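Colleague: To start, I am sharing the structure in question, which I have written as structure tokens.
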Amino acid sequence: MKKVFILLVLVAGLWSCEDSVNISLNDAPPVLVVDAWINNKPEVQVIRLSQSQPFFESELPPPVSGAEITVSSSEGNTFTFSEEGVPGEYRWNPITNGNSIGAIGTTYQLSIRVDDESYTAVSQINRVPAIDSITFTFEEERNPFQPEGYYGEFVSTDPVGVGDTYWIRTFKNGIYQNRPFDLTIAFDAGFSQGGVIDGVVFIQPIQDAVNPLNEDLDEIVPYEIGDSLYVEIHSITNEAFFFLQEVQIQTQRDGGFDEIFAEPLENVPTNIINVNENSTRRAIGYFCVSAVESRGRRLTE
Amino acid sequence: MKRFFLLAMILIPGLTLGQSKFTLNGYVKDASNGEELIGVTVYVHELKTGTATNVYGFYALSLPQGSYEITFSSVGYQPVRKSVELTRNMEFNVELPVQITEMDEIVVTGDALDANVTDIKMSRNEINVKQVKRLPALFGEPDIIKTIQMLPGVSSAGEGTSSFFVRGGSADQNLILIDEAPVYDPSHLFGLFSVFNADVIKESELYRGGIPSRFGGRLSSILEVRTKDGNNKKLEGSGGIGSLASRIMLEGPIRKEKSSFIVSARRSYVDLFLRAAGEENTVHFYDVNAKVNWKHNNNNRFFAAIYLGRDVFDFDDTFGFDWGNATATFRWNHLFNDRLFSNTSIIASNFDYAMELDDESQGFKWTSNIREVTLKEDLNYFVSPSVELNFGYHVSYRSFEPGVIEPNSDRSLFTRTELQNEFALDHAFYLENQHKISNKLTLLYGARLSIFQSIGESDIYLYEDPQDNVNIVRTDTLSFDNFENIKTFVNLEPRFSARYMLNPASSVKFSYNRMVQNTHLISAGTVPIPFNTWAPTSYYLEPQLADQIAVGYFRNFKDNAFEFSAEAYYKDINNVTDFADNAEIFFNEDLSTEYRQGDSWSYGLELMLQKKEGRFTGFTSYTWSRTERDIPDVNLNEPFLANYDRRHNFNIVGTYELNNKWTFGANFTYTTGRPFTLPSGKYQYEDYQVDLITERNASKLPDFHRLDLSATLIPQNKRGRKWQGSWVFSIYNAYSRKNAFTIYTQTPEDSNGEPIRNQKEARLIYLFPILPSVTYNVKF
């Protein structure tokens, strides 16, 4: 669908114009933001707490300190995340603590106690396929969007059974590609739920998603000799997939004619719940526990 | 049917079948081209009473034996006075000569002079096509929808769209009919133009209240467009070349006075230039209207009409999409006897779209359509000059194919995926009586009984929680065979109107109507797009119901030269169809989990002053209104303003004939900005900045205003030349205001094109700066 609308933008670029404007907004009162995306990699896991901000404020988001955070598993383990050094960053080290995020299928509960309110969220760790290989192929210039050069791709097969969801992260030369258009998520081996592409190798556009765009987002930057590519597949829950899908819709807005037919803005969902149902304080953000598979390769002669 | 007659007998007071009464009936036509005239006043001087011709130009009067002086009159025509000796039932056809004025004045055809005041209809406007053609137009393409958007009680989403919103109703609540066939998407080029080619339109009218019982199926308005029948006296043609499209039309008799045809076509031609310039991305649209009619005898007339229209977008021959409507109408007008007029119609309508990507691995074709076949039997029974009965039966079969995705190459990774088709049968019975109680008071009362059946073949999924659109858990499936009834919805729609004459120049009117809508547009955007689908009322979707009351004061000034109306309305809608937050409305097999039906209400005051005769003609309208929605689970269950809520809406439309050569036209519109949603905060998640939204439609776009100007030049004709040309020069958005279509927010970029983290900016999108255009028209 996205592609369709991008093409629509092309048509209508003919007659739509835009200007920067100043608008005043009624600022919403700040709410607690929970960024709790942890995984089974043997490295320090971080949960970040911050506050939402007035829309046009250009400061860094204010951190929320002094919270008590624990994650407990259905296997009976409890991990305590503690604030060390950086305000608002709560860490837990699986190596020094001698335990780790457990087996596929385990459920986890996040508990946060801050400012006399208690919040909770639940997630499950789902299966993830291994990455069989990473390859580079030299391509002639195909169109202005795909210039001549080496293109990377990863090969991995979605396990049979509808409903596996993934977040695919790309690191080029060790740098995590985290711009809005780099956000790649998969529902089984396809982009979205409707496609029902299950139990096969990830479709080509997902394999190709490891080739980042240039700054203007109008051309792929091919790999050069000596560049490295490292790919991670994180299993995510279906709810987390829909959450990221909304983040994608919201952050990948590229303006222009697209906006004319855009659906009204709506809140990105959250799975963070205030334990006290009667409280007016609420939290947003997401808690998800992922299993991770990864593979890297350097492009050589 | 027999039942109906019985019911009619009871309903009609003063129904007399006196032996001494005879019926006078016939058709009233335009003397120049034989087109039947609608709404012509037929006035009997001796009895100080009369009637008007119906939509087929037919009238009937039941009078005691005697001699009468009868005047037939209509705006734009010379009144014709005839003496009639009524000693038996008589057929009396009349032709009205076009009013010859010094100048080629624009006049509204087919309306009684004082209809604004005397007619029982309220909340209704005719759109004068002749005038629309002389008004300034976007890219020089005259469009009735653009004029409709300026009527009182009507608003638009901005500019460059063909959707309109009537009295707090959404765009899908308008029933748009061309020769009685519904048009599901009236847009070309995503709404820049409507599908209505101005050349071929005979009459168009918009009902936004007091809706007659013969109409049903949509909540908020009826836009009825009737095309010309074709000149049955001589062969005529016309054509036009505009900045974007060109048109040609031919009409004439097949057998003189007996049968005639009209064919008209319009096509945009920008793509031809683009192709010539080597551009691979092309866009075009076309329309074809054709109609034949023949008069077998005065008791039997037949009409057949078709409309075909399509938009085609093609990008580099690899990606493309298209959409279009096709409608066909066959109509038989039959006189059972002198007083019973019947109209039988068979109507078919199809709307479809397709999207195709040519690619070895990702190639697919996506198609979707909605089809309907309708049989209508409408009867007018002229009981006496003061009592007219309308009744009938309509039945429609509809099929909804929301989507099929097919691979279009062997290696495509797509597998054929088909969304569940849905089917429906829709019956309606109606009965309506127009009763002239006295010279001052006329009543119109009746009802429509809507019986809607959702039928198979279909599978209905049962869910653990039918409203949970995230964790969708199907628990069971109910399977239904072809035509097997899934669920039946019965609704009675009472309709009532009253008109009371205060004095010969002013009246007050009241109307109440209930409307039922069983077809629901699946759209979450502000403006519907052709890729939206429709769904019938079904297992998970209740019928939408609207109740509306309106009161109005109507007054004509200066011998009917000026018409004034003031109306106030209140409308309450139950089960208005909306969607959950973040609903996935495209290609969703569990779409029913996204449905959220709630309440909507609207009220407003509408003023209109219109001048239909003279050198200067036009209208000005002002509307004050407020429209809210309350949808479960949306906006934290709090009511919110609808995106088509407009507090103030002011319009002026006018043309002025300076002399035989020059006519000038202008449109001016001012409306309060459209409510829309902006974030009220933001937060950081992972590395992404996410918007925080607290209230739906809490912000307002800047006010919208725009002035358009036009000049029409008719050069002096050389003697003996068989054709007449004319030029229309238009300036759209004369003072080049940047009217916001929408405002969106994004992360700004620095001078190197790098996004500036933690910063946001708002950007305003506007569509058209000042746009001049020229159109050349020719008549032969």
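Please note that chains go A, B, ... in the order of the structure tokens, that every chain numbers its residues from 1, and that ligands are numbered from 1 in the order shown.
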Give me the residues within 10 Å of Pro29 of chain A as a PyMOL selection string, counting only C-alpha atoms and dropping any in the same chain fewer than 3 places off.

Modeller: (chain A and resi 26+51-54+281) or (chain B and resi 680-681+694)

Colleague: Which chain A residues have any atom within 7 Å of an atom of chain B, and for each, what is the nearest pair of atoms with distance in Å to one decimal, counting only C-alpha atoms, rows sorted by chain and number, as a Markdown table?

Modeller:
| residue | atom | partner | partner_atom | distance |
| --- | --- | --- | --- | --- |
| A:Trp15 | CA | B:Leu767 | CA | 6.0 |
| A:Ser16 | CA | B:Leu767 | CA | 4.4 |
| A:Cys17 | CA | B:Tyr766 | CA | 5.5 |
| A:Glu18 | CA | B:Ile765 | CA | 4.3 |
| A:Asp19 | CA | B:Leu764 | CA | 5.2 |
| A:Ser20 | CA | B:Arg763 | CA | 4.3 |
| A:Val21 | CA | B:Arg763 | CA | 5.4 |
| A:Asn22 | CA | B:Ala762 | CA | 6.6 |
| A:Leu25 | CA | B:Ser680 | CA | 6.3 |
| A:Asn26 | CA | B:Ser680 | CA | 6.1 |
| A:Asp27 | CA | B:Ser680 | CA | 4.9 |
| A:Ala28 | CA | B:Ser680 | CA | 5.2 |
| A:Val33 | CA | B:Tyr683 | CA | 7.0 |
| A:Asp35 | CA | B:Tyr685 | CA | 5.7 |
| A:Gln51 | CA | B:Tyr683 | CA | 6.9 |
| A:Ser52 | CA | B:Tyr683 | CA | 4.5 |
| A:Gln53 | CA | B:Lys682 | CA | 5.4 |
| A:Pro54 | CA | B:Gly681 | CA | 4.5 |
| A:Phe55 | CA | B:Gly681 | CA | 4.1 |
| A:Phe56 | CA | B:Lys760 | CA | 5.6 |
| A:Glu57 | CA | B:Gln759 | CA | 6.9 |
| A:Ser58 | CA | B:Gln759 | CA | 5.0 |
| A:Glu59 | CA | B:Asn758 | CA | 6.5 |
| A:Leu60 | CA | B:Asn758 | CA | 6.3 |
| A:Pro61 | CA | B:Gln684 | CA | 6.9 |
| A:Asn178 | CA | B:Asp687 | CA | 6.4 |
| A:Pro180 | CA | B:Tyr688 | CA | 6.8 |
| A:Gly194 | CA | B:Asn588 | CA | 6.1 |
| A:Glu215 | CA | B:Gly753 | CA | 6.3 |
| A:Asp216 | CA | B:Gly753 | CA | 6.4 |
| A:Glu239 | CA | B:Val470 | CA | 6.6 |
| A:Val247 | CA | B:Val690 | CA | 6.6 |
| A:Thr251 | CA | B:Val690 | CA | 6.9 |
| A:Gly256 | CA | B:Ile765 | CA | 6.9 |
| A:Ile260 | CA | B:Thr742 | CA | 6.7 |
| A:Phe261 | CA | B:Gly525 | CA | 6.2 |
| A:Ala262 | CA | B:Gly525 | CA | 6.2 |
| A:Glu263 | CA | B:Gly525 | CA | 4.3 |
| A:Pro264 | CA | B:Thr677 | CA | 6.3 |
| A:Leu265 | CA | B:Thr677 | CA | 6.0 |
| A:Glu266 | CA | B:Asp581 | CA | 6.0 |
| A:Asn267 | CA | B:Ile693 | CA | 5.4 |
| A:Gly285 | CA | B:Tyr685 | CA | 6.8 |

Colleague: Just want the 12 Å neighbourhood of Asn97 of chain A, counted on only C-alpha atoms, with same-chain residues fewer than 2 positions away dropped. Output as a list in words.

Modeller: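 What passes the distance filter is Pro42, Glu43, Val44, Gln45, Asn77, Thr78, Phe79, Thr80, Phe81, Arg91, Trp92, Asn93, Pro94, Ile95, Asn99, Ser100 and Ile101 of chain A.
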
Colleague: Which residues are near Ser506 of chain B? Cut-off 6 Å, only C-alpha atoms, ignore same chain within fewer than 4 positions. Put them as a list in words.

Modeller: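 The residues satisfying every condition are Val117, Leu502, Phe554 and Arg555 of chain B.
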
Colleague: Excluding Phe136 of chain A and its own-chain neighbours fewer than 6 positions away, which residues fall within 7 Å of it when counting only C-alpha atoms? Please give them as a PyMOL selection string.

Modeller: chain A and resi 150-153

Colleague: Identify, on the basis of only C-alpha atoms, every residue whose closest approach to Asp703 of chain B does not exceed 10 Å; exclude the query and any residue fewer than 4 positions from it along the same chain; express the result as number ranges by chain.

Modeller: B: 646, 648-649, 670-674, 739-740

Colleague: List every residue of segment 40-235 of chain A that DSSP, applied to the backbone, labels as alpha helix (DSSP H), and write the result as a PyMOL selection string.

Modeller: chain A and resi 94-97+204-208

Colleague: Could you list, as a PyMOL selection string, every residue within 7 Å of Gln109 of chain A, counting only C-alpha atoms and ignoring same-chain residues fewer than 2 positions away?

Modeller: chain A and resi 71-73+107+111+120-123

Colleague: For the strand (DSSP E or B) assignment from backbone DSSP, which residues of segment 532-722 of chain B qualify? Please present them as a PyMOL selection string.

Modeller: chain B and resi 533-536+538+541+544-557+562-579+595-611+616-630+640-641+648-657+662-671+675-676+681-685+688-692+699-700+704-713

Colleague: Here is a test: counting only C-alpha atoms, which residue of A:Ile131, A:Ile233, A:Gln250, A:Gly226 is nearest to Phe181 of chain A?

Modeller: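 Under the stated criterion, the closest residue is A:Gln250.
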
Colleague: One decimal, Å: what's the distance from atom CA of Leu274 of chain B over to atom CA of Asp316 of chain B, could you say?

Modeller: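 One can read the atom CA of Leu274 of chain B to atom CA of Asp316 of chain B distance as 12.0 Å.
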
Colleague: Each residue of segment 124-176 of chain A with at least one atom at most 8 Å from segment 182-186 of chain A should appear once, together with its nearest atom pair and the corresponding distance in Å (one decimal); atoms considered: only C-alpha atoms; ordering: chain, then increasing residue number; output as a Markdown table.

Modeller:
| residue | atom | partner | partner_atom | distance |
| --- | --- | --- | --- | --- |
| A:Thr165 | CA | A:Ala186 | CA | 5.7 |
| A:Tyr166 | CA | A:Ala186 | CA | 5.1 |
| A:Trp167 | CA | A:Ile185 | CA | 4.4 |
| A:Ile168 | CA | A:Thr184 | CA | 5.5 |
| A:Arg169 | CA | A:Thr184 | CA | 7.0 |

Colleague: Can those selected residues be exported to a file as a short mmCIF file (atom, residue, chain, number, x, y, z; two decimals), in the first residue's frame so that it contains N, CA and C atoms?

Modeller:
data_model
loop_
_atom_site.label_atom_id
_atom_site.label_comp_id
_atom_site.auth_asym_id
_atom_site.auth_seq_id
_atom_site.Cartn_x
_atom_site.Cartn_y
_atom_site.Cartn_z
N THR A 165 6.05 -12.61 13.99
CA THR A 165 6.32 -11.21 13.66
C THR A 165 7.73 -10.84 14.09
N TYR A 166 8.37 -10.00 13.27
CA TYR A 166 9.79 -9.69 13.47
C TYR A 166 10.09 -8.22 13.26
N TRP A 167 11.18 -7.81 13.90
CA TRP A 167 11.78 -6.50 13.65
C TRP A 167 13.17 -6.79 13.11
N ILE A 168 13.47 -6.28 11.93
CA ILE A 168 14.77 -6.54 11.31
C ILE A 168 15.61 -5.27 11.41
N ARG A 169 16.76 -5.41 12.06
CA ARG A 169 17.63 -4.24 12.27
C ARG A 169 18.91 -4.40 11.47
#

Colleague: For a test of reading the model, state the distance in Å between atom CA of Gly66 of chain A and atom CA of Pro269 of chain A, rounded to one decimal.

Modeller: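 Interatomic distance here is 25.6 Å.
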